[in-house]
>>> print(open('protein.cif').read())   # mmCIF, C-alpha atoms
data_run
#
loop_
_atom_site.label_atom_id
_atom_site.label_comp_id
_atom_site.auth_asym_id
_atom_site.auth_seq_id
_atom_site.Cartn_x
_atom_site.Cartn_y
_atom_site.Cartn_z
CA MET A 82 0.21 -20.21 -17.05
CA LYS A 83 -1.48 -20.41 -13.68
CA ALA A 84 -3.05 -17.35 -12.08
CA VAL A 85 -5.07 -16.29 -9.06
CA GLN A 86 -8.53 -15.38 -10.35
CA PHE A 87 -12.23 -15.03 -9.65
CA THR A 88 -15.26 -15.03 -11.94
CA GLU A 89 -17.63 -13.22 -9.57
CA HIS A 90 -17.42 -10.98 -6.52
CA GLY A 91 -17.88 -12.49 -3.10
CA ASP A 92 -16.17 -14.00 -0.09
CA ARG A 93 -12.89 -15.92 -0.17
CA SER A 94 -14.57 -18.94 -1.73
CA VAL A 95 -14.67 -17.21 -5.15
CA LEU A 96 -10.86 -17.30 -5.37
CA SER A 97 -8.98 -19.98 -7.28
CA TYR A 98 -5.51 -20.66 -8.65
CA ASP A 99 -6.10 -22.15 -12.07
CA GLU A 100 -4.98 -22.17 -15.68
CA PHE A 101 -5.24 -18.89 -17.56
CA SER A 102 -4.16 -17.91 -21.07
CA ASP A 103 -0.59 -16.65 -21.28
CA PRO A 104 -0.57 -12.84 -21.71
CA GLU A 105 0.52 -11.28 -24.99
CA ILE A 106 2.48 -8.04 -24.79
CA SER A 107 1.88 -4.86 -26.77
CA PRO A 108 4.79 -2.82 -28.20
CA ASN A 109 4.94 -0.75 -24.98
CA GLU A 110 4.79 -3.68 -22.56
CA VAL A 111 7.13 -6.26 -21.10
CA LEU A 112 6.40 -9.83 -20.05
CA ILE A 113 7.44 -10.54 -16.47
CA ASP A 114 8.20 -13.96 -15.07
CA VAL A 115 6.78 -13.30 -11.60
CA LYS A 116 8.99 -14.47 -8.73
CA ALA A 117 7.04 -12.98 -5.82
CA ALA A 118 3.93 -10.87 -5.30
CA ALA A 119 2.14 -9.40 -2.31
CA LEU A 120 -1.35 -8.69 -1.09
CA ASN A 121 -2.85 -5.37 -0.11
CA HIS A 122 -6.24 -4.64 1.45
CA LEU A 123 -7.15 -3.39 -2.01
CA ASP A 124 -7.18 -7.02 -3.16
CA VAL A 125 -9.83 -7.85 -0.56
CA HIS A 126 -11.98 -4.88 -1.57
CA THR A 127 -11.63 -5.73 -5.26
CA ARG A 128 -12.65 -9.33 -4.60
CA ARG A 129 -15.73 -8.19 -2.68
CA GLY A 130 -16.63 -5.63 -5.35
CA LEU A 131 -16.17 -1.87 -5.49
CA PRO A 132 -18.93 0.62 -6.42
CA GLY A 133 -18.51 1.87 -9.98
CA VAL A 134 -15.78 -0.64 -10.87
CA ASP A 135 -16.97 -3.06 -13.56
CA LEU A 136 -14.31 -5.73 -14.07
CA GLU A 137 -13.63 -7.98 -17.02
CA MET A 138 -14.15 -11.52 -15.75
CA PRO A 139 -12.37 -13.66 -14.90
CA HIS A 140 -10.32 -11.08 -13.02
CA ILE A 141 -6.71 -11.55 -11.93
CA PRO A 142 -6.08 -9.43 -8.81
CA GLY A 143 -2.79 -8.10 -7.54
CA SER A 144 -1.02 -4.74 -7.64
CA ASP A 145 2.39 -5.76 -6.24
CA ALA A 146 4.87 -8.14 -7.86
CA ALA A 147 8.45 -8.46 -9.01
CA GLY A 148 10.27 -10.75 -11.34
CA VAL A 149 12.54 -11.28 -14.31
CA ILE A 150 11.73 -9.72 -17.67
CA ARG A 151 11.23 -12.53 -20.18
CA GLU A 152 10.24 -10.49 -23.25
CA VAL A 153 10.15 -6.79 -24.23
CA GLY A 154 7.88 -4.98 -26.69
CA SER A 155 9.27 -3.28 -29.78
CA ASN A 156 8.90 0.23 -28.28
CA VAL A 157 10.44 -0.59 -24.89
CA THR A 158 13.70 1.26 -24.21
CA ARG A 159 14.30 1.11 -20.43
CA PHE A 160 14.45 -2.67 -19.98
CA GLU A 161 15.98 -5.73 -21.57
CA GLU A 162 15.38 -9.44 -21.25
CA GLY A 163 16.82 -10.74 -17.99
CA ASP A 164 16.42 -7.47 -16.06
CA HIS A 165 14.85 -7.52 -12.61
CA ALA A 166 11.83 -5.24 -12.14
CA ALA A 167 9.03 -4.42 -9.70
CA VAL A 168 5.52 -3.31 -10.56
CA ALA A 169 4.27 0.20 -9.74
CA ALA A 170 0.52 -0.17 -10.13
CA GLY A 171 -0.68 3.35 -10.92
CA ARG A 172 -1.85 3.93 -14.51
CA TYR A 173 -2.21 7.46 -15.88
CA CYS A 174 -2.89 9.09 -19.24
CA GLY A 175 0.12 11.42 -19.47
CA ALA A 176 -1.90 14.09 -21.27
CA CYS A 177 -4.37 15.67 -18.81
CA GLU A 178 -3.59 18.87 -16.91
CA PHE A 179 -2.44 16.99 -13.82
CA CYS A 180 -0.12 14.63 -15.68
CA ARG A 181 1.37 17.53 -17.59
CA HIS A 182 2.21 19.21 -14.26
CA GLY A 183 3.91 16.08 -12.87
CA GLN A 184 1.00 14.98 -10.67
CA GLU A 185 0.29 11.65 -12.32
CA SER A 186 -1.50 10.16 -9.30
CA MET A 187 -4.12 12.92 -9.73
CA CYS A 188 -4.70 11.96 -13.38
CA GLU A 189 -8.27 12.36 -14.59
CA ASN A 190 -8.13 8.75 -15.81
CA TYR A 191 -6.08 7.31 -12.96
CA HIS A 192 -6.57 3.61 -12.32
CA LEU A 193 -4.68 0.70 -10.82
CA ILE A 194 -3.31 -2.56 -12.10
CA GLY A 195 -5.12 -5.25 -10.13
CA GLU A 196 -8.07 -3.05 -9.18
CA HIS A 197 -9.49 -1.69 -12.43
CA VAL A 198 -7.65 -3.95 -14.88
CA ARG A 199 -6.18 -7.43 -14.56
CA GLY A 200 -3.34 -7.67 -12.10
CA VAL A 201 -0.14 -9.54 -11.43
CA HIS A 202 -0.92 -12.43 -9.07
CA ALA A 203 0.09 -14.94 -11.71
CA GLU A 204 3.09 -16.79 -13.09
CA LEU A 205 3.35 -14.28 -15.96
CA ALA A 206 2.22 -10.68 -16.31
CA ALA A 207 2.18 -8.20 -19.19
CA VAL A 208 2.99 -4.78 -17.73
CA PRO A 209 3.47 -1.39 -19.43
CA GLU A 210 7.08 -0.23 -19.36
CA GLU A 211 6.13 2.94 -17.48
CA ASN A 212 4.74 0.79 -14.65
CA LEU A 213 8.04 -0.88 -13.87
CA VAL A 214 10.86 0.08 -11.55
CA PRO A 215 14.35 -1.48 -11.92
CA VAL A 216 15.38 -3.76 -9.06
CA PRO A 217 19.08 -4.29 -8.24
CA ASP A 218 20.20 -7.90 -8.54
CA ASN A 219 21.12 -8.05 -4.83
CA VAL A 220 17.55 -7.30 -3.66
CA ASP A 221 15.61 -10.44 -2.75
CA TRP A 222 12.33 -11.21 -4.49
CA TYR A 223 10.21 -11.08 -1.33
CA THR A 224 11.31 -7.51 -0.72
CA ALA A 225 11.04 -6.45 -4.35
CA GLY A 226 7.58 -7.94 -4.74
CA SER A 227 6.03 -6.49 -1.60
CA VAL A 228 7.05 -2.86 -1.18
CA SER A 229 5.90 -0.73 -4.09
CA LEU A 230 2.28 0.08 -3.30
CA VAL A 231 2.52 0.64 0.46
CA PHE A 232 5.83 2.46 0.59
CA GLN A 233 5.02 4.85 -2.25
CA THR A 234 1.62 5.53 -0.67
CA ALA A 235 3.10 6.25 2.77
CA TRP A 236 5.91 8.37 1.29
CA ARG A 237 3.54 10.65 -0.64
CA MET A 238 1.19 10.91 2.35
CA LEU A 239 3.82 12.01 4.83
CA VAL A 240 6.53 13.70 2.78
CA SER A 241 4.72 15.28 -0.17
CA ARG A 242 1.18 15.87 1.08
CA ALA A 243 1.42 16.33 4.87
CA GLU A 244 4.94 17.81 4.58
CA LEU A 245 6.03 16.18 7.82
CA THR A 246 9.21 17.70 9.26
CA ALA A 247 11.76 16.73 11.90
CA GLY A 248 10.59 17.33 15.45
CA GLU A 249 6.88 17.10 14.67
CA ARG A 250 4.64 14.53 16.30
CA VAL A 251 2.81 12.01 14.12
CA LEU A 252 0.22 9.37 14.98
CA VAL A 253 0.08 6.31 12.70
CA LEU A 254 -3.07 4.24 13.02
CA GLY A 255 -2.98 0.57 12.14
CA SER A 256 0.79 0.35 12.35
CA SER A 257 0.73 -3.43 11.83
CA GLY A 258 -0.53 -3.18 8.24
CA GLY A 259 1.34 -2.54 5.01
CA VAL A 260 0.87 1.22 4.79
CA GLY A 261 1.07 1.57 8.56
CA HIS A 262 4.43 -0.12 9.03
CA ALA A 263 5.83 1.83 6.06
CA ALA A 264 4.52 5.10 7.53
CA VAL A 265 6.17 4.42 10.91
CA GLN A 266 9.54 3.88 9.24
CA ILE A 267 9.23 6.97 7.02
CA ALA A 268 8.14 9.19 9.91
CA ASP A 269 11.08 7.98 11.97
CA TYR A 270 13.41 8.59 8.99
CA VAL A 271 12.14 12.17 8.66
CA GLY A 272 12.93 12.75 12.33
CA ALA A 273 9.41 12.96 13.74
CA GLU A 274 8.27 11.67 17.12
CA VAL A 275 6.17 8.64 16.22
CA TYR A 276 3.06 7.41 18.02
CA ALA A 277 1.68 4.08 16.74
CA THR A 278 -1.47 2.06 17.39
CA ALA A 279 -2.05 -1.67 17.07
CA SER A 280 -4.27 -4.35 18.61
CA SER A 281 -1.74 -6.45 20.51
CA GLU A 282 1.56 -6.18 22.34
CA GLU A 283 3.21 -8.40 19.72
CA LYS A 284 2.21 -6.01 16.94
CA LEU A 285 3.31 -3.01 18.99
CA GLU A 286 6.72 -4.59 19.49
CA HIS A 287 7.06 -4.77 15.72
CA ALA A 288 6.05 -1.11 15.53
CA ARG A 289 8.85 -0.27 17.98
CA GLU A 290 11.29 -2.14 15.74
CA CYS A 291 10.10 0.04 12.85
CA GLY A 292 10.85 3.21 14.82
CA ALA A 293 7.77 4.01 16.91
CA ASP A 294 8.57 6.04 20.03
CA HIS A 295 5.21 5.54 21.74
CA CYS A 296 2.85 2.58 21.28
CA ILE A 297 -0.86 2.38 22.07
CA ASN A 298 -2.95 -0.77 22.23
CA TYR A 299 -6.30 0.48 20.95
CA GLU A 300 -8.05 -2.65 22.23
CA GLU A 301 -7.19 -1.66 25.78
CA ALA A 302 -7.34 2.14 25.73
CA SER A 303 -8.77 5.05 23.77
CA PHE A 304 -5.98 6.26 21.53
CA LYS A 305 -7.23 9.86 21.60
CA ASN A 306 -7.06 9.87 25.40
CA GLU A 307 -3.62 8.30 25.34
CA ILE A 308 -2.41 10.90 22.83
CA ARG A 309 -3.69 13.73 25.01
CA ASP A 310 -1.95 12.23 28.06
CA LEU A 311 1.32 11.58 26.23
CA THR A 312 1.43 15.10 24.75
CA ASP A 313 0.26 16.95 27.90
CA GLY A 314 -3.01 17.84 26.21
CA ARG A 315 -1.46 19.31 23.06
CA GLY A 316 -2.09 16.58 20.49
CA VAL A 317 -0.05 15.56 17.46
CA ASP A 318 0.80 17.53 14.34
CA VAL A 319 -0.14 14.80 11.86
CA VAL A 320 -2.46 11.79 11.96
CA VAL A 321 -2.19 9.03 9.36
CA ASP A 322 -5.69 7.54 9.14
CA HIS A 323 -6.55 4.92 6.53
CA VAL A 324 -9.21 3.30 8.73
CA GLY A 325 -12.14 5.67 8.15
CA PRO A 326 -15.38 6.00 10.16
CA ALA A 327 -14.26 3.74 13.02
CA THR A 328 -11.44 6.12 13.97
CA TRP A 329 -12.23 9.41 12.22
CA ASN A 330 -13.60 11.44 15.14
CA ASP A 331 -10.89 10.29 17.52
CA SER A 332 -8.26 11.08 14.87
CA MET A 333 -9.59 14.64 14.63
CA LYS A 334 -9.58 14.95 18.42
CA SER A 335 -5.94 13.76 18.52
CA LEU A 336 -4.72 16.71 16.45
CA ALA A 337 -3.06 19.79 17.88
CA LYS A 338 -4.17 23.19 16.67
CA GLY A 339 -3.07 23.59 13.07
CA GLY A 340 -2.74 19.82 12.73
CA ARG A 341 -3.11 17.77 9.55
CA LEU A 342 -5.06 14.56 9.06
CA VAL A 343 -3.87 12.69 5.97
CA THR A 344 -5.81 9.76 4.57
CA CYS A 345 -5.28 7.26 1.76
CA GLY A 346 -8.18 4.92 2.42
CA ALA A 347 -11.16 3.92 4.50
CA THR A 348 -11.16 0.23 5.38
CA THR A 349 -14.21 0.58 7.66
CA GLY A 350 -16.36 2.41 5.11
CA PRO A 351 -16.46 5.56 2.98
CA THR A 352 -18.61 7.88 5.10
CA ALA A 353 -17.64 9.57 8.37
CA GLU A 354 -19.11 12.56 10.20
CA THR A 355 -16.81 15.54 10.74
CA ASN A 356 -17.24 18.22 13.40
CA ILE A 357 -16.81 21.30 11.22
CA ASN A 358 -16.53 23.55 14.28
CA ARG A 359 -13.42 21.64 15.34
CA VAL A 360 -11.94 21.99 11.85
CA PHE A 361 -12.22 25.77 11.57
CA TRP A 362 -11.67 26.64 15.23
CA ASN A 363 -8.50 24.56 15.46
CA GLN A 364 -7.54 25.43 11.87
CA LEU A 365 -7.11 21.80 10.92
CA GLN A 366 -6.33 20.39 7.48
CA ILE A 367 -7.84 17.22 6.02
CA ILE A 368 -5.57 15.96 3.25
CA GLY A 369 -6.31 13.21 0.77
CA SER A 370 -3.52 11.22 -0.85
CA THR A 371 -3.49 8.48 -3.49
CA MET A 372 -0.49 6.36 -4.46
CA ALA A 373 2.45 8.45 -5.76
CA THR A 374 4.03 10.02 -8.81
CA PRO A 375 6.67 8.03 -10.73
CA GLY A 376 9.37 10.28 -9.28
CA GLU A 377 8.16 9.77 -5.73
CA THR A 378 8.01 6.03 -6.32
CA ASP A 379 11.60 6.01 -7.58
CA ASP A 380 12.74 8.05 -4.56
CA ILE A 381 11.21 5.78 -1.93
CA LEU A 382 12.13 2.50 -3.62
CA GLU A 383 15.78 3.56 -3.84
CA LEU A 384 15.66 3.82 -0.05
CA VAL A 385 14.19 0.33 0.16
CA TRP A 386 16.76 -1.14 -2.23
CA ASP A 387 19.67 0.33 -0.22
CA GLY A 388 18.30 -1.04 3.06
CA THR A 389 17.18 2.24 4.65
CA PHE A 390 13.66 0.82 4.92
CA ASP A 391 12.79 -2.77 5.70
CA PRO A 392 9.48 -4.32 4.64
CA HIS A 393 8.29 -6.74 7.29
CA ILE A 394 6.98 -10.02 5.88
CA ARG A 395 4.37 -11.72 8.06
CA ALA A 396 4.00 -14.82 5.85
CA THR A 397 5.08 -16.30 2.54
CA LEU A 398 2.63 -18.67 0.87
CA PRO A 399 2.26 -20.43 -2.48
CA MET A 400 -0.33 -18.81 -4.74
CA SER A 401 -2.49 -21.92 -4.46
CA GLU A 402 -3.11 -20.87 -0.84
CA ILE A 403 -4.58 -17.54 -1.89
CA THR A 404 -7.68 -17.98 0.27
CA ARG A 405 -5.47 -18.31 3.34
CA ALA A 406 -3.56 -15.17 2.29
CA HIS A 407 -6.82 -13.20 2.05
CA GLU A 408 -7.92 -14.60 5.40
CA MET A 409 -4.78 -13.24 7.07
CA LEU A 410 -5.53 -9.74 5.83
CA GLU A 411 -9.22 -9.84 6.68
CA ASP A 412 -8.60 -11.21 10.17
CA ARG A 413 -5.68 -8.83 10.78
CA GLU A 414 -3.30 -11.66 11.60
CA GLY A 415 0.32 -10.70 12.13
CA PHE A 416 2.39 -7.68 11.18
CA GLY A 417 3.55 -6.49 7.77
CA LYS A 418 3.09 -7.91 4.30
CA VAL A 419 1.68 -11.23 3.07
CA VAL A 420 3.76 -12.49 0.14
CA ILE A 421 2.54 -15.07 -2.37
CA VAL A 422 4.76 -16.98 -4.77
CA PRO A 423 3.80 -18.96 -7.90
CA ASP A 424 3.65 -22.61 -6.92
CA SER A 425 6.29 -23.36 -9.57
CA GLU A 426 8.67 -21.00 -7.73
CA TYR A 427 7.71 -21.81 -4.16
CA ASP A 428 10.39 -23.32 -1.94
CA GLU A 429 9.28 -24.25 1.55
#
>>> encode(input="protein.cif", output="structure tokens")
Amino acid sequence: MKAVQFTEHGDRSVLSYDEFSDPEISPNEVLIDVKAAALNHLDVHTRRGLPGVDLEMPHIPGSDAAGVIREVGSNVTRFEEGDHAAVAAGRYCGACEFCRHGQESMCENYHLIGEHVRGVHAELAAVPEENLVPVPDNVDWYTAGSVSLVFQTAWRMLVSRAELTAGERVLVLGSSGGVGHAAVQIADYVGAEVYATASSEEKLEHARECGADHCINYEEASFKNEIRDLTDGRGVDVVVDHVGPATWNDSMKSLAKGGRLVTCGATTGPTAETNINRVFWNQLQIIGSTMATPGETDDILELVWDGTFDPHIRATLPMSEITRAHEMLEDREGFGKVVIVPDSEYDE
């Protein structure tokens, strides 16, 4: 088969789309004929190298994909050859205290397909049965292959962790990205008043299409000042911040008393200073969130499959143009997801 891969960490030049040995499945795995996959910022971080993550080289990246099941292992019971399925990347042990209480994304041994082990940006992928979600035949491959990671992440952040309710105000930073555009749609679905930031009017227009009520161009104005003006000095109930140090202090200042800041990542770095006085005096909550449980993933993807939520696709490229796909993410070009397709499946 052919697969996206790299043999060392570095810039985009380390990426290639070359021959790789066909995967062999274990009794608990299925072999997927990948029809479409998608990039996440995680793929960029993995390519550059993550502290404490020692990868088997060459590494195949990719946490999102969907395709047709070509072969099933002897212990597989949920799928048959010919079924359509999407990958849910979170791997968990099933035996630790968190797994036993239904909190698999808090597993003591939690890791991700594509980040810690070889991923699915390839023509074929061997995936554990428990990491697959059925896809209805009427759902197109671009949708099926691009939604799992970002929509499950945004769903757990807002619904399970921040417990967002109708009528509350929520600020979504980086609304043009994968998690951001999913969070805007979910917040709107819940019935919240949605404030969204992006770097251009074109991206903000997309945010409005996703359900944003108020849009802020952070290149032209301070979003914390805009939030204070738009809320008559009150602030918002929830901030979705996956940016990190570059926005952290302004995110805290955007919260109303009793507000919640929920984070799933830190694209500008891992370390930010926090004004502890602001936290206790305003009785704020800082909430971490990672991926989702299998049940949460099933819940949100059902709402994607039935059309309630709509993943926005900014570009569809053949896998051989993987460096261009990474460039689009790193340079923040466009709005929504970047989809890549095996060259053998690509139809211009």
>>> residues_around(input="protein.cif", residues="Glu426 of chain A", least_positions_apart="6", cutoff="9 Å", atoms="all atoms listed in the file", output="NGL selection string")
:A and (115-117 or 204 or 399)
>>> write_last_selection(input="protein.cif", atoms="C-alpha atoms", output="compact mmCIF listing (two decimals), in the frame of the given file")
# COMPACT_ATOMS: atom_id res chain seq x y z
CA VAL A 115 6.78 -13.30 -11.60
CA LYS A 116 8.99 -14.47 -8.73
CA ALA A 117 7.04 -12.98 -5.82
CA GLU A 204 3.09 -16.79 -13.09
CA PRO A 399 2.26 -20.43 -2.48
>>> closest_residue(input="protein.cif", among="A:Phe361, A:Phe304, A:Tyr191, A:Trp222", to="Lys334 of chain A", atoms="only C-alpha atoms")
A:Phe304
>>> atom_distance(input="protein.cif", atom1="atom CA of Asn306 of chain A", atom2="atom CA of Pro351 of chain A")
24.7 Å
>>> atom_distance(input="protein.cif", atom1="atom CA of Glu89 of chain A", atom2="atom CA of Val420 of chain A")
23.5 Å
>>> atom_distance(input="protein.cif", atom1="atom CA of Thr404 of chain A", atom2="atom CA of Ala166 of chain A")
26.4 Å
>>> residues_around(input="protein.cif", residues="segment 414-417 of chain A", least_positions_apart="5", cutoff="7 Å", atoms="all atoms listed in the file", output="PDB file with C-alpha atoms, in the coordinates of the input")
ATOM      1  CA  SER A 257       0.730  -3.430  11.830  1.00  0.00           C
ATOM      2  CA  GLY A 258      -0.530  -3.180   8.240  1.00  0.00           C
ATOM      3  CA  GLY A 259       1.340  -2.540   5.010  1.00  0.00           C
ATOM      4  CA  HIS A 262       4.430  -0.120   9.030  1.00  0.00           C
ATOM      5  CA  LYS A 284       2.210  -6.010  16.940  1.00  0.00           C
ATOM      6  CA  HIS A 393       8.290  -6.740   7.290  1.00  0.00           C
ATOM      7  CA  ILE A 394       6.980 -10.020   5.880  1.00  0.00           C
ATOM      8  CA  ARG A 395       4.370 -11.720   8.060  1.00  0.00           C
ATOM      9  CA  MET A 409      -4.780 -13.240   7.070  1.00  0.00           C
TER      10      MET A 409
END
>>> resolve_selection(input="protein.cif", expression="the PyMOL selection byres ((chain A and resi 321) around 6)", output="PyMOL selection string")
chain A and resi 253+320+322+343
>>> resolve_selection(input="protein.cif", expression="the PyMOL selection byres ((chain A and resi 285) around 12)", output="ChimeraX atom specification")
/A:253-258,261-262,265,276-284,286-300,415-417
>>> write_last_selection(input="protein.cif", atoms="C-alpha atoms", output="compact mmCIF listing (two decimals), keeping the file's coordinate frame")
# COMPACT_ATOMS: atom_id res chain seq x y z
CA VAL A 253 0.08 6.31 12.70
CA LEU A 254 -3.07 4.24 13.02
CA GLY A 255 -2.98 0.57 12.14
CA SER A 256 0.79 0.35 12.35
CA SER A 257 0.73 -3.43 11.83
CA GLY A 258 -0.53 -3.18 8.24
CA GLY A 261 1.07 1.57 8.56
CA HIS A 262 4.43 -0.12 9.03
CA VAL A 265 6.17 4.42 10.91
CA TYR A 276 3.06 7.41 18.02
CA ALA A 277 1.68 4.08 16.74
CA THR A 278 -1.47 2.06 17.39
CA ALA A 279 -2.05 -1.67 17.07
CA SER A 280 -4.27 -4.35 18.61
CA SER A 281 -1.74 -6.45 20.51
CA GLU A 282 1.56 -6.18 22.34
CA GLU A 283 3.21 -8.40 19.72
CA LYS A 284 2.21 -6.01 16.94
CA GLU A 286 6.72 -4.59 19.49
CA HIS A 287 7.06 -4.77 15.72
CA ALA A 288 6.05 -1.11 15.53
CA ARG A 289 8.85 -0.27 17.98
CA GLU A 290 11.29 -2.14 15.74
CA CYS A 291 10.10 0.04 12.85
CA GLY A 292 10.85 3.21 14.82
CA ALA A 293 7.77 4.01 16.91
CA ASP A 294 8.57 6.04 20.03
CA HIS A 295 5.21 5.54 21.74
CA CYS A 296 2.85 2.58 21.28
CA ILE A 297 -0.86 2.38 22.07
CA ASN A 298 -2.95 -0.77 22.23
CA TYR A 299 -6.30 0.48 20.95
CA GLU A 300 -8.05 -2.65 22.23
CA GLY A 415 0.32 -10.70 12.13
CA PHE A 416 2.39 -7.68 11.18
CA GLY A 417 3.55 -6.49 7.77
>>> closest_residue(input="protein.cif", among="A:Ala146, A:Val85, A:Ile106, A:Asp124", to="Glu408 of chain A", atoms="all atoms listed in the file")
A:Asp124
>>> resolve_selection(input="protein.cif", expression="the PyMOL selection byres ((chain A and resi 148) around 12)", output="PyMOL selection string")
chain A and resi 111-118+145-147+149-152+162-168+201-208+213-218+220-227+422-423+426
>>> closest_residue(input="protein.cif", among="A:Glu244, A:Asp412, A:Glu137, A:Asp424", to="Leu398 of chain A", atoms="only C-alpha atoms")
A:Asp424
>>> residues_near_point(input="protein.cif", point="(7.8, 17.6, -1.4)", cutoff="12 Å", atoms="all atoms listed in the file", output="list in words")
Gln184, Trp236, Arg237, Met238, Leu239, Val240, Ser241, Arg242, Ala243, Glu244, Leu245, Thr246, Ala373, Thr374, Gly376, Glu377 and Asp380 of chain A
>>> closest_residue(input="protein.cif", among="A:Arg315, A:Lys83, A:His407, A:Arg359", to="Asn330 of chain A", atoms="all atoms listed in the file")
A:Arg359
>>> closest_residue(input="protein.cif", among="A:Ala176, A:Met372, A:Leu252, A:Ala302", to="Leu193 of chain A", atoms="all atoms listed in the file")
A:Met372
>>> closest_residue(input="protein.cif", among="A:Leu123, A:Val317, A:Ala247, A:Cys345", to="Ser332 of chain A", atoms="all atoms listed in the file")
A:Val317
>>> residues_near_point(input="protein.cif", point="(4.6, -3.1, -24.1)", cutoff="7 Å", atoms="all atoms listed in the file", output="list of chain:residue names")
A:Ile106, A:Ser107, A:Pro108, A:Asn109, A:Glu110, A:Val111, A:Val153, A:Gly154, A:Asn156, A:Val157, A:Val208, A:Pro209, A:Glu210
>>> residues_around(input="protein.cif", residues="Glu249 of chain A", least_positions_apart="4", cutoff="9 Å", atoms="all atoms listed in the file", output="list in words")
Leu245, Gly272, Ala273, Glu274, Val275, Val317, Asp318 and Val319 of chain A
